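To start, the structure itself, in C-alpha cells.
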Amino acid sequence: AVLKLDNPPKNLKTAQFANSDLLAVGEAVMAIGNPLGYDDTATTGIVSALNRPVSVMDDQSRSEIVTNAVQIDAAINPGNSGGPTFNAAGQIIGINSSIAATSTQGGTAGSIGIGFAIPANLVKRVVSEIIKNGSVKHVALGIMIKSVAVESNGITRGGAQIVSVNQGTPAAKAGLKAGDTIVAFDDKPVANNYALLGYVRATAFNNKATLTVVRGGNTLKLTVTFNQEEAAVSGMNRKEKTLKNNKKNSRNRGSKSDDDDDDDLQQRDDSDGDDGGIFDPFGFW
C-alpha cells in the first residue's frame, strides 16, 4: 500500500532513496522498525550480500514470489517488516522484508543475523506504478527452466537451462530455445533458477534486458523485450515455471518444483526444520 499524508507539517523532511544498484558488500547499514513490539528500534550492521534470491509464498494467491534481495546482518525481527534500511548517508537502500531462521514456526522465528531487504530501486518502481496506475505490472519470459552447471569457453558455471519455451512469449520472440542456458541477465550472473526469477521480477513492463546464453558450447547474447504480463503468459502465475530437482537442491539452490506441495516449496515452511528457512513475518512481499 502507498499512503498519502493530507496537510503534512511544513517542516517534515522526507527520506531519500539511494540507488541500490550502487551498493557494495561491507557497506554500513541501519534498520529501523518496531521489532517484537519495541517501538522506534534501530539496529546496525553491514551489507552481507547482493542479489540474494529469496523466495516467499504469497498468502493470498498461494504462489511463489522470488526477489533478488539485499542481505544484511543488522538484526531484523517480526515488527521490522516494512521499515526502511538506511546507508551511512541516511538514504533508504531497501525495505525490511524477511529473515532466515533456524526455526520456521512464525511464533518462534527471530534474527540470526541473516535478514533481507527489498532493494530500493525495486521499491521505487513499484511505488511509482501504484501511484500512477493503482497496480503493478509483473512481467514474465514464458519459459520452463531448471538449474544446471554448464561449460563454455573452458569455464563451468551455474545457470538456468530452458526446458521449453511458450510460443508468442517474450522469450520466443527473442530467439530463446529449449536447451539454452541463461548464465547472465544484463551482465549480472544467473547462478540458478531463483536468480533468473528475481531479475525478471525486478524488470519493469516494456523494459529490455540482454541475456547471456550458452547454446551448444558457444556463448551468445539475446535481447528480450518484456512486453507481456504474467497473467498473459500461458501457465504463468507470478513466476516462471521450473522443473523438479531433488528436495535438497530445491531448498538450498533455489529451484522451484512443479509437483511438490506448497509447504515443500516455500523455504520458510520446510516441515523437517533441518535447514531452517525464510520467514516473512507479515507477508510484506
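Convention: chains lettered A, B, ... in C-alpha cells order; per-chain residue numbering from 1; ligands numbered from 1 as shown.
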Sorted by chain and rising residue number, which residues of stretch 87-176 of chain A lie within 12 Å of stretch 227-230 of chain A, and what are their closest atom pairs and distances in Å to one decimal, counting only C-alpha atoms, as a tab-separated table?
```
residue	atom	partner	partner_atom	distance
A:Val136	CA	A:Glu229	CA	10.0
A:Lys137	CA	A:Glu229	CA	6.3
A:His138	CA	A:Glu229	CA	5.6
A:Val139	CA	A:Glu229	CA	4.4
A:Ala140	CA	A:Glu230	CA	5.0
A:Leu141	CA	A:Gln228	CA	8.1
A:Gly142	CA	A:Glu230	CA	8.3
A:Ile143	CA	A:Glu230	CA	11.4
A:Gly168	CA	A:Gln228	CA	9.8
A:Thr169	CA	A:Gln228	CA	7.3
A:Pro170	CA	A:Asn227	CA	6.8
A:Ala171	CA	A:Gln228	CA	10.3
A:Ala172	CA	A:Gln228	CA	11.9
A:Lys173	CA	A:Asn227	CA	10.6
A:Ala174	CA	A:Asn227	CA	11.5
```
Skipping near chain neighbours, those fewer than 6 positions away, what residues fall within 6 Å of A:Gly79 using only C-alpha atoms, listed as a PyMOL selection string?
chain A and resi 34-36
Would you save the residues from that selection as a PDB file, in the first residue's frame, using C-alpha atoms?
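Result written to again21.pdb:
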```pdb
ATOM      1  CA  ASN A  34       9.241  -1.987  15.852  1.00  0.00           C
ATOM      2  CA  PRO A  35      10.660  -5.479  16.430  1.00  0.00           C
ATOM      3  CA  LEU A  36       8.638  -7.599  18.852  1.00  0.00           C
TER       4      LEU A  36
END
```
Would you list the contacts of A:Thr210 as a list in words, taking every protein, DNA or RNA residue within 8 Å and counting only C-alpha atoms, but skipping same-chain residues closer than 2 positions in sequence?
Phe185, Asp186, Asp187, Lys208, Thr212, Lys221, Leu222, Thr223 and Val224 of chain A
Residues from last step as file, C-alpha atoms, as a short mmCIF file (atom, residue, chain, number, x, y, z; two decimals), in the first residue's frame:
```
data_model
loop_
_atom_site.label_atom_id
_atom_site.label_comp_id
_atom_site.auth_asym_id
_atom_site.auth_seq_id
_atom_site.Cartn_x
_atom_site.Cartn_y
_atom_site.Cartn_z
CA PHE A 185 20.98 -11.06 -17.06
CA ASP A 186 22.27 -7.65 -18.14
CA ASP A 187 25.78 -8.95 -17.33
CA LYS A 208 14.54 -4.66 -22.35
CA THR A 212 23.88 -14.11 -21.94
CA LYS A 221 23.69 -12.55 -26.26
CA LEU A 222 19.99 -12.04 -26.94
CA THR A 223 17.81 -9.03 -26.19
CA VAL A 224 14.42 -9.62 -24.61
#
```
With only C-alpha atoms as the counted atoms, please give the residues lying no more than 9 Å from A:Ala202, apart from itself and same-chain residues fewer than 4 positions off, as a list in words.
Thr67, Asn68, Asn121, Leu122, Arg125, His138, Val139, Leu197 and Gly198 of chain A
Using the selection just defined, write its residues with N, CA and C atoms as a PDB file, in the first residue's frame.
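Result went into again-v4.pdb, see below:
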```
ATOM      1  N   THR A  67      12.537 -12.634  -5.090  1.00  0.00           N
ATOM      2  CA  THR A  67      13.150 -11.312  -5.226  1.00  0.00           C
ATOM      3  C   THR A  67      14.642 -11.437  -4.960  1.00  0.00           C
ATOM      4  N   ASN A  68      15.461 -10.794  -5.778  1.00  0.00           N
ATOM      5  CA  ASN A  68      16.892 -10.735  -5.511  1.00  0.00           C
ATOM      6  C   ASN A  68      17.132  -9.631  -4.490  1.00  0.00           C
ATOM      7  N   ASN A 121      15.656   0.299  -5.559  1.00  0.00           N
ATOM      8  CA  ASN A 121      15.242   0.545  -6.941  1.00  0.00           C
ATOM      9  C   ASN A 121      13.965  -0.199  -7.301  1.00  0.00           C
ATOM     10  N   LEU A 122      13.793  -1.403  -6.768  1.00  0.00           N
ATOM     11  CA  LEU A 122      12.555  -2.141  -6.996  1.00  0.00           C
ATOM     12  C   LEU A 122      11.402  -1.477  -6.259  1.00  0.00           C
ATOM     13  N   ARG A 125      10.218   1.619  -8.170  1.00  0.00           N
ATOM     14  CA  ARG A 125       9.413   1.286  -9.351  1.00  0.00           C
ATOM     15  C   ARG A 125       8.004   0.865  -8.964  1.00  0.00           C
ATOM     16  N   HIS A 138       3.627  -7.092 -13.436  1.00  0.00           N
ATOM     17  CA  HIS A 138       4.748  -8.010 -13.318  1.00  0.00           C
ATOM     18  C   HIS A 138       4.888  -8.771 -14.627  1.00  0.00           C
ATOM     19  N   VAL A 139       6.120  -8.889 -15.087  1.00  0.00           N
ATOM     20  CA  VAL A 139       6.370  -9.471 -16.401  1.00  0.00           C
ATOM     21  C   VAL A 139       6.820 -10.926 -16.286  1.00  0.00           C
ATOM     22  N   LEU A 197      14.615 -15.751 -11.804  1.00  0.00           N
ATOM     23  CA  LEU A 197      13.282 -15.314 -11.396  1.00  0.00           C
ATOM     24  C   LEU A 197      13.335 -13.943 -10.736  1.00  0.00           C
ATOM     25  N   GLY A 198      14.347 -13.728  -9.891  1.00  0.00           N
ATOM     26  CA  GLY A 198      14.471 -12.451  -9.201  1.00  0.00           C
ATOM     27  C   GLY A 198      14.728 -11.296 -10.150  1.00  0.00           C
TER      28      GLY A 198
END
```
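When only C-alpha atoms are used to compute distances to A:Ile76, the closest of the residues A:Ile93, A:Ile118, A:Ala42, A:Ala49 turns out to be A:Ala42.
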What lies within 7 Å of stretch 150-166 of chain A using only C-alpha atoms, ignoring chain neighbours under 3 positions off, as number ranges by chain?
A: 142-147, 169, 171-172, 177-183, 190-193, 214, 217-219
Residue selection dump (N, CA and C atoms) as a PDB file, in the first residue's frame:
```
ATOM      1  N   GLY A 142       8.174 -16.534 -20.124  1.00  0.00           N
ATOM      2  CA  GLY A 142       7.392 -17.556 -20.803  1.00  0.00           C
ATOM      3  C   GLY A 142       8.195 -18.812 -21.087  1.00  0.00           C
ATOM      4  N   ILE A 143       8.910 -19.306 -20.056  1.00  0.00           N
ATOM      5  CA  ILE A 143       9.761 -20.479 -20.230  1.00  0.00           C
ATOM      6  C   ILE A 143       9.635 -21.415 -19.037  1.00  0.00           C
ATOM      7  N   MET A 144      10.034 -22.670 -19.254  1.00  0.00           N
ATOM      8  CA  MET A 144      10.225 -23.621 -18.166  1.00  0.00           C
ATOM      9  C   MET A 144      11.727 -23.829 -18.021  1.00  0.00           C
ATOM     10  N   ILE A 145      12.242 -23.801 -16.792  1.00  0.00           N
ATOM     11  CA  ILE A 145      13.685 -23.828 -16.572  1.00  0.00           C
ATOM     12  C   ILE A 145      14.066 -24.819 -15.483  1.00  0.00           C
ATOM     13  N   LYS A 146      15.359 -25.153 -15.478  1.00  0.00           N
ATOM     14  CA  LYS A 146      15.916 -25.955 -14.394  1.00  0.00           C
ATOM     15  C   LYS A 146      17.340 -25.479 -14.125  1.00  0.00           C
ATOM     16  N   SER A 147      17.802 -25.619 -12.885  1.00  0.00           N
ATOM     17  CA  SER A 147      19.156 -25.220 -12.513  1.00  0.00           C
ATOM     18  C   SER A 147      20.154 -26.258 -13.009  1.00  0.00           C
ATOM     19  N   THR A 169       5.683 -15.702 -26.686  1.00  0.00           N
ATOM     20  CA  THR A 169       6.092 -15.006 -25.467  1.00  0.00           C
ATOM     21  C   THR A 169       7.353 -14.186 -25.723  1.00  0.00           C
ATOM     22  N   ALA A 171      10.242 -14.579 -24.543  1.00  0.00           N
ATOM     23  CA  ALA A 171      11.377 -15.481 -24.746  1.00  0.00           C
ATOM     24  C   ALA A 171      11.419 -15.994 -26.181  1.00  0.00           C
ATOM     25  N   ALA A 172      10.268 -16.406 -26.692  1.00  0.00           N
ATOM     26  CA  ALA A 172      10.206 -16.925 -28.060  1.00  0.00           C
ATOM     27  C   ALA A 172      10.572 -15.846 -29.073  1.00  0.00           C
ATOM     28  N   LYS A 177      15.713 -20.714 -27.081  1.00  0.00           N
ATOM     29  CA  LYS A 177      15.308 -22.057 -27.479  1.00  0.00           C
ATOM     30  C   LYS A 177      15.482 -23.038 -26.327  1.00  0.00           C
ATOM     31  N   ALA A 178      14.730 -24.129 -26.389  1.00  0.00           N
ATOM     32  CA  ALA A 178      14.918 -25.201 -25.418  1.00  0.00           C
ATOM     33  C   ALA A 178      16.355 -25.706 -25.511  1.00  0.00           C
ATOM     34  N   GLY A 179      16.987 -25.909 -24.363  1.00  0.00           N
ATOM     35  CA  GLY A 179      18.383 -26.321 -24.327  1.00  0.00           C
ATOM     36  C   GLY A 179      19.339 -25.181 -24.055  1.00  0.00           C
ATOM     37  N   ASP A 180      18.902 -23.940 -24.319  1.00  0.00           N
ATOM     38  CA  ASP A 180      19.724 -22.780 -23.969  1.00  0.00           C
ATOM     39  C   ASP A 180      19.878 -22.690 -22.455  1.00  0.00           C
ATOM     40  N   THR A 181      21.038 -22.244 -22.006  1.00  0.00           N
ATOM     41  CA  THR A 181      21.256 -21.999 -20.581  1.00  0.00           C
ATOM     42  C   THR A 181      21.560 -20.524 -20.375  1.00  0.00           C
ATOM     43  N   ILE A 182      20.715 -19.854 -19.616  1.00  0.00           N
ATOM     44  CA  ILE A 182      20.902 -18.433 -19.326  1.00  0.00           C
ATOM     45  C   ILE A 182      21.882 -18.307 -18.167  1.00  0.00           C
ATOM     46  N   VAL A 183      23.007 -17.626 -18.400  1.00  0.00           N
ATOM     47  CA  VAL A 183      24.045 -17.506 -17.374  1.00  0.00           C
ATOM     48  C   VAL A 183      24.227 -16.078 -16.880  1.00  0.00           C
ATOM     49  N   VAL A 190      23.659 -15.272 -13.445  1.00  0.00           N
ATOM     50  CA  VAL A 190      22.474 -16.073 -13.137  1.00  0.00           C
ATOM     51  C   VAL A 190      22.990 -17.446 -12.719  1.00  0.00           C
ATOM     52  N   ALA A 191      23.050 -17.693 -11.413  1.00  0.00           N
ATOM     53  CA  ALA A 191      23.642 -18.929 -10.910  1.00  0.00           C
ATOM     54  C   ALA A 191      22.671 -20.098 -10.924  1.00  0.00           C
ATOM     55  N   ASN A 192      21.364 -19.799 -10.873  1.00  0.00           N
ATOM     56  CA  ASN A 192      20.364 -20.865 -10.805  1.00  0.00           C
ATOM     57  C   ASN A 192      18.990 -20.296 -11.145  1.00  0.00           C
ATOM     58  N   ASN A 193      17.964 -21.125 -10.973  1.00  0.00           N
ATOM     59  CA  ASN A 193      16.599 -20.705 -11.297  1.00  0.00           C
ATOM     60  C   ASN A 193      16.193 -19.429 -10.587  1.00  0.00           C
ATOM     61  N   VAL A 214      24.297 -19.714 -23.137  1.00  0.00           N
ATOM     62  CA  VAL A 214      25.193 -20.750 -23.657  1.00  0.00           C
ATOM     63  C   VAL A 214      24.350 -21.715 -24.484  1.00  0.00           C
ATOM     64  N   GLY A 217      27.640 -25.049 -26.393  1.00  0.00           N
ATOM     65  CA  GLY A 217      29.013 -24.752 -26.008  1.00  0.00           C
ATOM     66  C   GLY A 217      29.477 -23.367 -26.379  1.00  0.00           C
ATOM     67  N   ASN A 218      28.682 -22.643 -27.148  1.00  0.00           N
ATOM     68  CA  ASN A 218      29.013 -21.275 -27.544  1.00  0.00           C
ATOM     69  C   ASN A 218      28.196 -20.268 -26.748  1.00  0.00           C
ATOM     70  N   THR A 219      28.776 -19.096 -26.544  1.00  0.00           N
ATOM     71  CA  THR A 219      28.100 -18.039 -25.794  1.00  0.00           C
ATOM     72  C   THR A 219      27.574 -16.974 -26.746  1.00  0.00           C
TER      73      THR A 219
END
```
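Rounded to one decimal, atom CA of A:Ala28 and atom CA of A:Ile46 lie 4.4 Å from each other.
Here atom CA of A:Val2 stands at a distance of 6.8 Å from atom CA of A:Val127.
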Using only C-alpha atoms, the best pick from A:Asn11, A:Thr225, A:Asn206, A:Ser20 as closest to A:Asn87 would be A:Ser20
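Atom CA of A:Asn207 to atom CA of A:Pro119 spans 18.1 Å [interatomic distance, one decimal].
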Return the single residue from A:Val233, A:Val54, A:Met30, A:Ile131 that is closest to A:Ser98, with distances computed using only C-alpha atoms.
A:Val54
I need the residues of stretch 28-266 of chain A that end up classed as helix (DSSP H, G or I) by DSSP on the backbone, written out as a VMD selection string.
chain A and resid 35 to 37 120 to 133 170 to 174 193 to 201 230 to 232 247 to 252 262 to 265
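Distance check against A:Ile95 using only C-alpha atoms: of A:Ile65, A:Ile32, A:Ala74, A:Ile130, the minimum falls on A:Ile32.
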Which of stretch 128-217 of chain A fall in strand (DSSP E or B), as a PyMOL selection string
chain A and resi 139+143-152+155-165+181-185+188-189+208-215
